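Chemist: Take a look at the following structure, please.
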Number of protein chains: 4
Amino acid sequence: MTGAPRKSFGSDNHAGTHPAVMRAIVEANVGDAVAYGADSWTEQAVGEIKRLAGADGDVYLVLNGSGANVLGLGLLLGRHESVICAESAHINTDECGASERILGTKLLTVPSPDGKITPDLIATRLAGRGDEHFAQPGVVAITQSTECGTCYSLAELRAIRDFCAANRLRVFLDGARLANAAAYLGCSLAELAECADVLSFGGTKNGAMGVEAVVIMRPGDAVNAPYLRKQHMQLSSKMRFLAAQFNALLTDDLWLQNAGHANAMAARLAAGLAGLPGVELAYPVQADAVFARLEPQHIDELQQRWTFHVWDESSSVVRWMTAFDTQESDVDAFLADIAAVTGAARV
Amino acid sequence: MTGAPRKSFGSDNHAGTHPAVMRAIVEANVGDAVAYGADSWTEQAVGEIKRLAGADGDVYLVLNGSGANVLGLGLLLGRHESVICAESAHINTDECGASERILGTKLLTVPSPDGKITPDLIATRLAGRGDEHFAQPGVVAITQSTECGTCYSLAELRAIRDFCAANRLRVFLDGARLANAAAYLGCSLAELAECADVLSFGGTKNGAMGVEAVVIMRPGDAVNAPYLRKQHMQLSSKMRFLAAQFNALLTDDLWLQNAGHANAMAARLAAGLAGLPGVELAYPVQADAVFARLEPQHIDELQQRWTFHVWDESSSVVRWMTAFDTQESDVDAFLADIAAVTGAARV
Amino acid sequence: MTGAPRKSFGSDNHAGTHPAVMRAIVEANVGDAVAYGADSWTEQAVGEIKRLAGADGDVYLVLNGSGANVLGLGLLLGRHESVICAESAHINTDECGASERILGTKLLTVPSPDGKITPDLIATRLAGRGDEHFAQPGVVAITQSTECGTCYSLAELRAIRDFCAANRLRVFLDGARLANAAAYLGCSLAELAECADVLSFGGTKNGAMGVEAVVIMRPGDAVNAPYLRKQHMQLSSKMRFLAAQFNALLTDDLWLQNAGHANAMAARLAAGLAGLPGVELAYPVQADAVFARLEPQHIDELQQRWTFHVWDESSSVVRWMTAFDTQESDVDAFLADIAAVTGAARV
Amino acid sequence: MTGAPRKSFGSDNHAGTHPAVMRAIVEANVGDAVAYGADSWTEQAVGEIKRLAGADGDVYLVLNGSGANVLGLGLLLGRHESVICAESAHINTDECGASERILGTKLLTVPSPDGKITPDLIATRLAGRGDEHFAQPGVVAITQSTECGTCYSLAELRAIRDFCAANRLRVFLDGARLANAAAYLGCSLAELAECADVLSFGGTKNGAMGVEAVVIMRPGDAVNAPYLRKQHMQLSSKMRFLAAQFNALLTDDLWLQNAGHANAMAARLAAGLAGLPGVELAYPVQADAVFARLEPQHIDELQQRWTFHVWDESSSVVRWMTAFDTQESDVDAFLADIAAVTGAARV
């Protein structure tokens with residue numbers, strides 16, 4: 001086969017930078033700006049994110065998702081406290097132990113069938129409270145949309161929030177793909193944000209070049225944030241180039257359009273899979289990811305021509321991700337190949 | 001006064017992104033690229049930096065200067081080891097205690113008249129070796145060019161290297177402005193790099209948008225680097241946009257031209273100050289910084305019209321920094337104002 | 001009921017200090033001794049433990065079990081490495097997250113039916129090796145005897161050692177109750193120690209007042225131990241009083257007698273339970289602990305008169321521990337009450 | 001010379017355990033006691049120390065001085081905060097960097113002529129407050145009596161307390177030798193304690209075998225203490241043997257008698273030195289230490305027969321410490337030898 005390289009279904013961060021974001025970066029490159037965020041781009045981005053999220057606290061721009069997660073958790077955790085999260089949580093599986101290493105915290109994981117945790121699951125981890133031999137649960141960390149491509153409903157989020165409030169637990173929400181959840185649920189950023197004490201709001205996986213926002217809902221939790229951001233090596237000197245990215249994403253709801261488009265492409269892929277007997281969905285398709293179970297030899301064959309990750313070797317589950325720039329034709333070409341590969345095997 | 005805003009003399013990171021660097025970023029925005037550095041831009045940047053530095057180990061791109069310093073130190077330090085550095089070292093004064101917080105290390109500082117340390121100064125901190133009550137010195141950290149705008153000569157660097165080799169000490173070089181030192185000394189990057197075990201090579205203060213390289217001279221020190229970079233939240237997903245910046249800087253020695261230009265502007269400023277009785281240089285002007293002593297009221301007056309930092313309130317020393325985009329006319333206009341302000345006061 | 005207070009079955013550290021140990025402490029209180037271990041008591045204890053364990057490295061006395069575990073792990077772990085251990089491991093469940101907090105390490109836990117892990121279970125945690133997103137497994141931590149009162153056989157230990165050696169994993173053995181395992185297996189301390197790289201050898205639960213030894217099998221792993229012990233706040237100034245405890249325990253194999261006696265008392269208790277229909281053993285009784293399943297109301301009733309812990313509320317499992325000073329009559333009285341309580345309920 | 005070994009002037013922890021303390025330990029060895037401090041000895045010790053110190057918060061017994069310091073600081077420090085202390089502070093010079101390593105904090109040291117710091121010295125370290133690039137000063141740590149054998153007067157302590165209260169700084173007092181200060185000043189423990197937020201109250205250097213108390217003046221600072229003590233590996237299982245030591249020291253003011261006696265012996269030594277031309281006091285002698293300047297060859301000669309430390313090689317200053325069990329005859333014999341050695345040199 002010849003022609004253009006195939007679209008990657010490997011990750012939403014295989015995509016480049018959305019043209020409007022790139023334009024904003026280029027346009028920010030005019031003359032001098034005071035470093036570390038004392039510039040008008042940052043003022044605009046921070047103000048707009050606060051407004052969108054309904055945050056009374058503050059917003060801090062950071063350099064990547066792990067940086068956002070560790071800073072966010074660090075704002076909420078006492079030195080002796082632990083974090084309750086799903087086994088599949090990015091902070092548990094994909095950040096090389098940064099939370100343990102940088103915060104010294106313990107992750108109390110709960111198995112979760114679809115990446116979501118519930119008050120009941122949280123409750124299973126509260127047994128040792130008040131006993132000095134146990135790392136005391138202080139924060140519940142959830143991911144929205146989840147690492148499994150599912151979305152908590154607002155009702156589910158509110159149930160977690162209320163349970164946590166009633167049980168002296170703070171809520172951190174890893175929102176690396178929060179936009180995809182907002183697009184799926186058709187809700188506002190504020191409706192999502194009000195279910196957390198601190199959350200991240202991701203830009204990178206949604207068309208930015210590389211920027212995330214840490215959103216602090218209440219002023220009391222924001223006091224130490226500038227110092228911790230710096231200590232965590234997440235303070236950018238030429239901050240305007242981070243802020244400009246968000247300014248583009250927040251103009252005319254580009255953040256929501258990008259996410260909605262990526263979701264639609266995942267839905268199209270899932271719909272196309274419905275008729276293929278050799279492919280089974282592993283999770284409901286709600287955000288920009290499709291998890292599917294295939295025969296191992298079909299996976300091998302597809303990976304020779306397409307870029308994507310095997311999610312779980314043992315159960316032959318793969319992860320196919322779409323992005324803001326995935327085209328219908330990309331999905332259709334991919335589907336055709338999947339059909340060919342899995343159909344051929346049926347003969 | 002009207003017209004364009006005045007050039008900032010506040011910091012080399014008040015400047016924007018060099019046009020060639022911005023062009024490279026824009027050009028890297030084509031289609032997909034595998035995340036986290038498995039792309040051709042990164043391969044090129046890493047290879048070229050290794051070649052320039054004569055590094056047999058490896059090169060890791062990171063997001064900012066503190067990230068580079070903490071990763072570099074972390075590669076060389078045992079858990080029980082401390083770092084000998086100048087009191088004025090950036091890691092001691094400007095990173096919010098990141099080395100202590102992230103690495104758990106102790107900084108053993110030595111007073112230094114001009115930002116430089118020497119074997120004799122290092123030796124003053126070795127008394128407690130072998131005594132379990134003392135944090136054991138393991139690394140000597142130097143900055144080149146220094147925080148005072150001075151440059152170690154190659155002879156000075158080699159003396160430190162040899163002393164450290166003879167005394168079981170590793171050398172980390174904070175090279176946030178290493179290019180300015182190379183330009184001043186007229187030496188190669190390799191000649192500087194071979195005096196350290198691990199060094200950073202700064203892009204951000206030299207025309208990049210935001211990228212630094214951690215250069216590891218020997219393979220044995222590089223083994224854990226990918227994991228520590230990730231744990232330190234310094235791994236960028238869309239890495240191509242970091243790498244592209246270095247690729248531009250390394251094309252046709254742009255890195256050296258930028259630094260040389262900034263140095264020349266600082267030299268022009270220093271030369272112009274020579275005739276002004278109310279201004280006294282605090283340090284030799286060798287890189288892109290001019291430290292000067294002025295009457296406090298002159299400082300106040302100048303700060304109403306120009307952006308720069310007071311370096312030491314108690315001794316009335318200010319720091320004036322140039323950048324790759326400082327123009328001769330900027331310097332001359334600034335000099336005219338300095339002359340006016342300090343001259344006016346003499347009347 | 002009147003008379004002497006009942007013997008606690010709550011923990012082997014509810015017991016006091018063995019008379020011979022107390023005598024040794026008193027006898028060590030003669031005149032001055034240089035602090036921090038440069039005394040003859042410490043020289044004797046360290047030398048004797050090294051000999052008994054066949055350790056070519058070194059031995060460091062510390063203040064308690066968590067101190068021994070964290071120091072031992074710290075000697076073996078790189079900053080980016082994680083620890084594979086059983087979910088039930090003391091370091092995971094009973095040390096308030098000290099390993100995460102003090103070492104910054106991640107615990108990769110495996111479910112274990114009886115407190116023991118196996119090469120197969122370890123292998124399930126090795127998937128992410130070489131991937132920078134995963135905390136790299138560096139150490140396997142086992143407990144002997146286990147938190148469930150079971151003992152690894154020498155063959156089981158050797159299988160773990162060989163698997164780890166073949167897979168670039170170091171072995172740390174938590175030996176807070178190592179003496180009980182030696183007594184149960186009828187093997188030497190050296191036969192146990194040679195299956196680990198670093199181990200703890202517990203005194204406190206075996207008749208000491210409060211002392212543990214960190215045993216380092218090879219010199220290369222011992223280099224940083226004195227500094228880490230001090231940083232971990234585990235260096236005692238009047239060290240002779242720690243060393244004297246071990247000197248007593250190591251005289252005439254008191255350590256082995258104490259452990260053997262405690263084991264025998266647990267075995268007597270288990271034997272007595274055999275005929276009781278309302279009590280079911282949860283694990284094989286091999287060391288000084290008996291885990292049993294009872295009706296919740298029987299647990300409540302017994303706890304009104306005897307001291308012991310409920311191990312798992314949800315499955316109604318209790319833990320009954322014996323000690324060096326548990327008497328046959330204590331066991332028999334306890335058994336009688338258990339019989340009465342569980343029998344009464346059957347009526 | 002023959003006969004009994006000479007009394008050590010090396011440290012107050014070269015001494016053994018006071019007979020009354022040893023007796024209390026032996027007497028505590030009766031039957032079982034619930035572990036980790038739920039016993040009557042601990043209840044008594046904690047209650048009595050709270051009463052003596054006038055503490056409304058709580059008291060936690062720990063295993064050694066570094067453990068007390070790190071726990072105490074940890075209770076007061078935010079993750080981003082630093083500690084202002086004298087260069088000569090034990091936490092800076094003698095704990096192998098435990099504060100940096102365990103708490104991740106930065107020590108902002110001030111030079112101090114006699115081990116004492118003042119509001120003016122503290123003020124020199126407050127410049128960077130509110131600037132995210134600086135580790136924010138959060139705690140002032142003082143030592144009473146100091147590492148130089150001097151004592152803060154109550155007026156000096158109150159000045160520090162008031163300055164700190166006015167400047168949002170918390171006060172930690174390292175009281176490893178607090179008893180010696182109380183004895184010197186003739187004041188109550190409460191008068192000293194009320195000048196700090198958290199303090200340690202040392203037993204080990206004052207006749208105990210090995211125990212320190214962390215005293216928390218206000219309830220709000222005590223909330224996390226049990227968890228941090230455990231994480232810091234400072235929780236003793238057979239706690240009664242720690243508590244019994246304090247119970248003995250607190251009976252009939254033994255703690256004050258021991259300290260007063262040690263102070264008197266230091267004063268006797270200092271008085272005897274007054275007539276010796278070859279010996280010069282380096283600091284006022286107020287607690288149980290005498291710092292003296294001698295000719296290097298006299299130091300060598302004395303060290304052949306007596307145990308003591310050279311405090312500062314470069315200035316030929318030695319430290320001679322007395323203890324609860326130093327006898328007048330010990331002091332006199334030592335003085336005779338000092339006179340002989342230094343007098344011989346004058347010939």
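Following the order of the structure tokens, first chain is A, next is B, and so on, with residues numbered from 1 inside each chain and ligands from 1 in the order they appear.
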Write out, as a Markdown table, each residue of chain B that has an atom at most 7 Å from chain A, together with the closest pair of atoms and their distance in Å to one decimal, counting only C-alpha atoms, rows going by chain and rising number.

Modeler:
| residue | atom | partner | partner_atom | distance |
| --- | --- | --- | --- | --- |
| B:Lys7 | CA | A:Asp32 | CA | 6.8 |
| B:Ser8 | CA | A:Asp32 | CA | 6.4 |
| B:Asn13 | CA | A:Ala35 | CA | 6.2 |
| B:His14 | CA | A:Ala33 | CA | 5.0 |
| B:Ala15 | CA | A:Asp32 | CA | 4.7 |
| B:Gly16 | CA | A:Asn29 | CA | 5.4 |
| B:Thr17 | CA | A:Asn29 | CA | 6.2 |
| B:Asn29 | CA | A:Gly16 | CA | 5.5 |
| B:Val30 | CA | A:Gly16 | CA | 6.7 |
| B:Gly31 | CA | A:Gly16 | CA | 6.2 |
| B:Asp32 | CA | A:Ala15 | CA | 4.7 |
| B:Ala33 | CA | A:His14 | CA | 5.0 |
| B:Val34 | CA | A:His14 | CA | 5.1 |
| B:Ala35 | CA | A:His14 | CA | 5.4 |
| B:Asn64 | CA | A:Ser236 | CA | 6.6 |
| B:Ser66 | CA | A:Met233 | CA | 5.6 |
| B:Gly67 | CA | A:Met233 | CA | 5.3 |
| B:Glu95 | CA | A:Gln231 | CA | 6.4 |
| B:Cys96 | CA | A:Gln231 | CA | 5.4 |
| B:Gly97 | CA | A:Gln231 | CA | 6.3 |
| B:Ala98 | CA | A:Gln231 | CA | 4.4 |
| B:Ile102 | CA | A:Ile102 | CA | 6.0 |
| B:Met209 | CA | A:Lys238 | CA | 6.7 |
| B:Gly210 | CA | A:Lys238 | CA | 6.9 |
| B:Tyr227 | CA | A:Cys96 | CA | 6.6 |
| B:Lys230 | CA | A:Cys96 | CA | 6.3 |
| B:Gln231 | CA | A:Ala98 | CA | 4.4 |
| B:His232 | CA | A:Ala98 | CA | 6.8 |
| B:Met233 | CA | A:Gly67 | CA | 5.3 |
| B:Ser236 | CA | A:Asn64 | CA | 6.7 |
| B:Ser237 | CA | A:Asn13 | CA | 6.4 |
| B:Lys238 | CA | A:Asn13 | CA | 6.3 |

Chemist: Could you write out the selected residues, including N, CA, C and O atoms, as a tab-separated table (two decimals), in the first residue's frame?

Modeler:
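Result written to out.tsv:
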chain	number	residue	atom	x	y	z
B	7	LYS	N	12.30	47.27	25.31
B	7	LYS	CA	12.89	45.95	25.49
B	7	LYS	C	13.10	45.68	26.98
B	7	LYS	O	13.62	46.56	27.71
B	8	SER	N	12.74	44.50	27.42
B	8	SER	CA	12.97	44.13	28.82
B	8	SER	C	14.44	43.77	29.05
B	8	SER	O	15.05	43.06	28.24
B	13	ASN	N	14.59	35.19	29.67
B	13	ASN	CA	13.33	34.48	29.37
B	13	ASN	C	12.12	35.41	29.29
B	13	ASN	O	10.99	34.94	29.21
B	14	HIS	N	12.37	36.68	29.29
B	14	HIS	CA	11.30	37.61	28.91
B	14	HIS	C	11.18	37.66	27.38
B	14	HIS	O	10.14	38.07	26.86
B	15	ALA	N	12.24	37.30	26.71
B	15	ALA	CA	12.21	37.27	25.25
B	15	ALA	C	11.26	36.17	24.79
B	15	ALA	O	10.95	35.24	25.53
B	16	GLY	N	10.83	36.28	23.56
B	16	GLY	CA	9.97	35.25	22.99
B	16	GLY	C	10.79	34.12	22.40
B	16	GLY	O	11.87	33.78	22.90
B	17	THR	N	10.25	33.54	21.35
B	17	THR	CA	10.87	32.40	20.68
B	17	THR	C	11.54	32.90	19.40
B	17	THR	O	10.96	33.69	18.66
B	29	ASN	N	4.46	20.19	12.96
B	29	ASN	CA	3.04	19.92	13.17
B	29	ASN	C	2.40	19.27	11.94
B	29	ASN	O	1.45	19.79	11.38
B	30	VAL	N	2.95	18.16	11.53
B	30	VAL	CA	2.43	17.47	10.35
B	30	VAL	C	2.05	16.05	10.73
B	30	VAL	O	2.89	15.22	11.05
B	31	GLY	N	0.78	15.80	10.72
B	31	GLY	CA	0.31	14.44	10.95
B	31	GLY	C	0.64	13.92	12.34
B	31	GLY	O	0.85	14.68	13.28
B	32	ASP	N	0.65	12.61	12.44
B	32	ASP	CA	0.86	11.97	13.74
B	32	ASP	C	2.35	11.72	14.01
B	32	ASP	O	3.16	11.64	13.10
B	33	ALA	N	2.65	11.59	15.27
B	33	ALA	CA	3.97	11.12	15.67
B	33	ALA	C	3.78	10.32	16.94
B	33	ALA	O	3.01	10.71	17.82
B	34	VAL	N	4.49	9.23	17.04
B	34	VAL	CA	4.38	8.43	18.26
B	34	VAL	C	4.83	9.31	19.43
B	34	VAL	O	5.75	10.11	19.31
B	35	ALA	N	4.13	9.17	20.53
B	35	ALA	CA	4.36	10.05	21.68
B	35	ALA	C	5.62	9.68	22.45
B	35	ALA	O	6.23	8.64	22.20
B	64	ASN	N	11.87	22.10	31.60
B	64	ASN	CA	12.40	23.40	32.05
B	64	ASN	C	13.69	23.21	32.83
B	64	ASN	O	14.15	22.08	33.05
B	66	SER	N	14.60	23.81	36.05
B	66	SER	CA	14.57	23.10	37.33
B	66	SER	C	14.44	21.60	37.08
B	66	SER	O	15.07	20.79	37.77
B	67	GLY	N	13.64	21.25	36.10
B	67	GLY	CA	13.50	19.84	35.75
B	67	GLY	C	14.82	19.25	35.33
B	67	GLY	O	15.16	18.12	35.70
B	95	GLU	N	14.78	27.68	43.13
B	95	GLU	CA	13.94	26.55	42.71
B	95	GLU	C	13.04	26.07	43.83
B	95	GLU	O	12.59	24.93	43.83
B	96	CYS	N	12.77	26.94	44.77
B	96	CYS	CA	11.82	26.66	45.85
B	96	CYS	C	12.15	25.37	46.59
B	96	CYS	O	11.26	24.64	47.02
B	97	GLY	N	13.45	25.09	46.71
B	97	GLY	CA	13.83	23.89	47.46
B	97	GLY	C	13.53	22.60	46.74
B	97	GLY	O	13.37	21.55	47.38
B	98	ALA	N	13.47	22.63	45.41
B	98	ALA	CA	13.11	21.41	44.66
B	98	ALA	C	14.11	20.29	44.89
B	98	ALA	O	13.72	19.12	45.01
B	102	ILE	N	12.44	17.07	46.17
B	102	ILE	CA	12.26	15.97	45.22
B	102	ILE	C	13.33	14.90	45.41
B	102	ILE	O	13.05	13.71	45.28
B	209	MET	N	11.39	28.00	22.91
B	209	MET	CA	10.12	28.31	23.56
B	209	MET	C	10.11	27.73	24.97
B	209	MET	O	9.59	28.34	25.91
B	210	GLY	N	10.70	26.55	25.10
B	210	GLY	CA	10.74	25.89	26.41
B	210	GLY	C	11.26	24.48	26.27
B	210	GLY	O	10.46	23.56	26.08
B	227	TYR	N	13.28	6.52	33.56
B	227	TYR	CA	12.32	6.34	34.66
B	227	TYR	C	12.29	7.59	35.54
B	227	TYR	O	11.22	8.05	35.94
B	230	LYS	N	10.43	10.42	33.93
B	230	LYS	CA	8.98	10.26	34.03
B	230	LYS	C	8.50	10.55	35.45
B	230	LYS	O	7.52	11.27	35.65
B	231	GLN	N	9.16	9.97	36.45
B	231	GLN	CA	8.77	10.21	37.84
B	231	GLN	C	8.82	11.69	38.19
B	231	GLN	O	8.02	12.17	39.00
B	232	HIS	N	9.77	12.38	37.61
B	232	HIS	CA	9.91	13.82	37.87
B	232	HIS	C	8.95	14.65	37.04
B	232	HIS	O	9.06	15.87	37.01
B	233	MET	N	8.07	14.01	36.34
B	233	MET	CA	7.04	14.70	35.56
B	233	MET	C	7.66	15.59	34.48
B	233	MET	O	7.15	16.67	34.19
B	236	SER	N	7.55	14.71	28.16
B	236	SER	CA	6.53	15.35	27.34
B	236	SER	C	5.93	14.32	26.40
B	236	SER	O	6.63	13.48	25.84
B	237	SER	N	4.60	14.37	26.25
B	237	SER	CA	3.99	13.39	25.33
B	237	SER	C	4.25	13.78	23.87
B	237	SER	O	4.71	12.98	23.09
B	238	LYS	N	3.94	14.99	23.52
B	238	LYS	CA	4.17	15.41	22.13
B	238	LYS	C	5.61	15.92	22.00
B	238	LYS	O	5.85	17.11	21.75

Chemist: Report as an MDAnalysis selection string: the residues of region 55-143 of chain B with a DSSP assignment of alpha helix (DSSP H), based on the backbone of this structure.

Modeler: chainID B and resid 65:76 90:93 98 119:123

Chemist: Please produce an output containing all heavy atoms for each residue in the selection, written as a short mmCIF file (atom, residue, chain, number, x, y, z; two decimals), in the first residue's frame.

Modeler:
data_model
loop_
_atom_site.label_atom_id
_atom_site.label_comp_id
_atom_site.auth_asym_id
_atom_site.auth_seq_id
_atom_site.Cartn_x
_atom_site.Cartn_y
_atom_site.Cartn_z
N GLY B 65 14.24 24.33 33.27
CA GLY B 65 15.57 24.29 33.87
C GLY B 65 15.60 23.58 35.21
O GLY B 65 16.53 22.82 35.49
N SER B 66 14.60 23.81 36.05
CA SER B 66 14.57 23.10 37.33
C SER B 66 14.44 21.60 37.08
O SER B 66 15.07 20.79 37.77
CB SER B 66 13.40 23.58 38.18
OG SER B 66 13.55 24.94 38.49
N GLY B 67 13.64 21.25 36.10
CA GLY B 67 13.50 19.84 35.75
C GLY B 67 14.82 19.25 35.33
O GLY B 67 15.16 18.12 35.70
N ALA B 68 15.60 19.99 34.56
CA ALA B 68 16.91 19.51 34.13
C ALA B 68 17.85 19.36 35.31
O ALA B 68 18.57 18.36 35.43
CB ALA B 68 17.49 20.47 33.09
N ASN B 69 17.86 20.34 36.19
CA ASN B 69 18.77 20.28 37.33
C ASN B 69 18.45 19.12 38.27
O ASN B 69 19.33 18.38 38.69
CB ASN B 69 18.70 21.60 38.11
CG ASN B 69 19.39 22.73 37.37
OD1 ASN B 69 20.21 22.50 36.48
ND2 ASN B 69 19.06 23.97 37.72
N VAL B 70 17.18 18.97 38.58
CA VAL B 70 16.82 17.93 39.54
C VAL B 70 17.03 16.54 38.93
O VAL B 70 17.51 15.62 39.60
CB VAL B 70 15.37 18.13 40.03
CG1 VAL B 70 14.94 17.00 40.95
CG2 VAL B 70 15.26 19.47 40.76
N LEU B 71 16.72 16.40 37.66
CA LEU B 71 16.98 15.10 37.02
C LEU B 71 18.48 14.83 36.98
O LEU B 71 18.94 13.74 37.33
CB LEU B 71 16.39 15.07 35.61
CG LEU B 71 16.67 13.80 34.81
CD1 LEU B 71 16.22 12.54 35.54
CD2 LEU B 71 16.00 13.87 33.43
N GLY B 72 19.24 15.83 36.58
CA GLY B 72 20.68 15.63 36.47
C GLY B 72 21.30 15.27 37.81
O GLY B 72 22.10 14.33 37.90
N LEU B 73 20.93 15.99 38.85
CA LEU B 73 21.45 15.67 40.18
C LEU B 73 20.99 14.29 40.62
O LEU B 73 21.77 13.51 41.18
CB LEU B 73 20.98 16.72 41.19
CG LEU B 73 21.61 18.10 41.07
CD1 LEU B 73 20.90 19.09 42.00
CD2 LEU B 73 23.10 18.06 41.40
N GLY B 74 19.75 13.98 40.34
CA GLY B 74 19.20 12.69 40.77
C GLY B 74 19.92 11.50 40.15
O GLY B 74 20.01 10.43 40.75
N LEU B 75 20.46 11.69 38.96
CA LEU B 75 21.18 10.60 38.30
C LEU B 75 22.51 10.31 38.99
O LEU B 75 23.05 9.22 38.88
CB LEU B 75 21.43 10.94 36.83
CG LEU B 75 20.18 11.01 35.96
CD1 LEU B 75 20.53 11.53 34.57
CD2 LEU B 75 19.53 9.64 35.85
N LEU B 76 23.03 11.30 39.69
CA LEU B 76 24.38 11.17 40.26
C LEU B 76 24.39 10.94 41.76
O LEU B 76 25.41 10.51 42.31
CB LEU B 76 25.17 12.45 39.95
CG LEU B 76 25.47 12.71 38.48
CD1 LEU B 76 26.13 14.07 38.30
CD2 LEU B 76 26.36 11.61 37.90
N HIS B 90 21.53 28.58 41.41
CA HIS B 90 20.10 28.58 41.11
C HIS B 90 19.39 27.48 41.90
O HIS B 90 18.30 27.69 42.44
CB HIS B 90 19.91 28.35 39.61
CG HIS B 90 18.56 28.76 39.08
ND1 HIS B 90 17.50 27.87 39.00
CD2 HIS B 90 18.10 29.93 38.60
CE1 HIS B 90 16.45 28.51 38.48
NE2 HIS B 90 16.78 29.75 38.23
N ILE B 91 20.00 26.30 41.99
CA ILE B 91 19.36 25.21 42.73
C ILE B 91 19.18 25.55 44.20
O ILE B 91 18.30 25.01 44.87
CB ILE B 91 20.14 23.87 42.61
CG1 ILE B 91 21.60 24.03 43.09
CG2 ILE B 91 20.09 23.34 41.19
CD1 ILE B 91 22.33 22.68 43.20
N ASN B 92 20.00 26.47 44.70
CA ASN B 92 19.88 26.85 46.10
C ASN B 92 18.91 28.00 46.31
O ASN B 92 18.22 28.06 47.32
CB ASN B 92 21.25 27.23 46.67
CG ASN B 92 21.21 27.49 48.17
OD1 ASN B 92 20.62 26.70 48.92
ND2 ASN B 92 21.81 28.58 48.61
N THR B 93 18.86 28.91 45.38
CA THR B 93 18.15 30.17 45.64
C THR B 93 16.86 30.35 44.84
O THR B 93 16.04 31.17 45.20
CB THR B 93 19.05 31.38 45.29
OG1 THR B 93 19.35 31.32 43.88
CG2 THR B 93 20.34 31.35 46.08
N ALA B 98 13.47 22.63 45.41
CA ALA B 98 13.11 21.41 44.66
C ALA B 98 14.11 20.29 44.89
O ALA B 98 13.72 19.12 45.01
CB ALA B 98 13.00 21.72 43.17
N PRO B 119 38.24 24.25 43.75
CA PRO B 119 38.62 23.10 44.56
C PRO B 119 38.83 23.47 46.03
O PRO B 119 38.40 22.71 46.91
CB PRO B 119 39.92 22.63 43.90
CG PRO B 119 39.73 22.98 42.45
CD PRO B 119 39.00 24.30 42.47
N ASP B 120 39.43 24.61 46.28
CA ASP B 120 39.64 24.99 47.68
C ASP B 120 38.32 25.19 48.41
O ASP B 120 38.17 24.78 49.57
CB ASP B 120 40.45 26.30 47.76
CG ASP B 120 41.93 26.04 47.52
OD1 ASP B 120 42.32 24.85 47.42
OD2 ASP B 120 42.69 27.01 47.41
N LEU B 121 37.37 25.82 47.75
CA LEU B 121 36.07 26.01 48.38
C LEU B 121 35.37 24.66 48.57
O LEU B 121 34.73 24.42 49.60
CB LEU B 121 35.20 26.95 47.55
CG LEU B 121 35.59 28.43 47.59
CD1 LEU B 121 34.83 29.23 46.54
CD2 LEU B 121 35.31 29.01 48.99
N ILE B 122 35.47 23.81 47.59
CA ILE B 122 34.86 22.48 47.72
C ILE B 122 35.47 21.75 48.91
O ILE B 122 34.76 21.12 49.71
CB ILE B 122 35.06 21.67 46.42
CG1 ILE B 122 34.37 22.36 45.24
CG2 ILE B 122 34.56 20.24 46.59
CD1 ILE B 122 34.77 21.81 43.88
N ALA B 123 36.78 21.87 49.04
CA ALA B 123 37.47 21.13 50.11
C ALA B 123 36.97 21.53 51.49
O ALA B 123 36.99 20.71 52.42
CB ALA B 123 38.98 21.36 50.01
#

Chemist: Skipping near chain neighbours, those fewer than 6 positions away, what residues fall within 8 Å of Gly54 (chain B) using only C-alpha atoms, listed as an MDAnalysis selection string?

Modeler: chainID B and resid 190 193:194 217

Chemist: List the spatial neighbours of region 155-161 of chain D as a list of chain:residue names - criterion: any atom at most 9 Å away, only C-alpha atoms, same-chain residues fewer than 5 positions off excluded.

Modeler: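 Within the cut-off, the hits are D:Ile117, D:Thr118, D:Pro119, D:Ile122, D:Val140, D:Ala166, D:Leu169, D:Arg170, D:Val171, D:Leu192, D:Glu194, D:Cys195, D:Ala196, D:Asp197.
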
Chemist: May I ask for the distance between CA of Cys148 (chain A) and CA of Ser316 (chain A), given in Å to one decimal place?

Modeler: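 It comes out at 14.8 Å.
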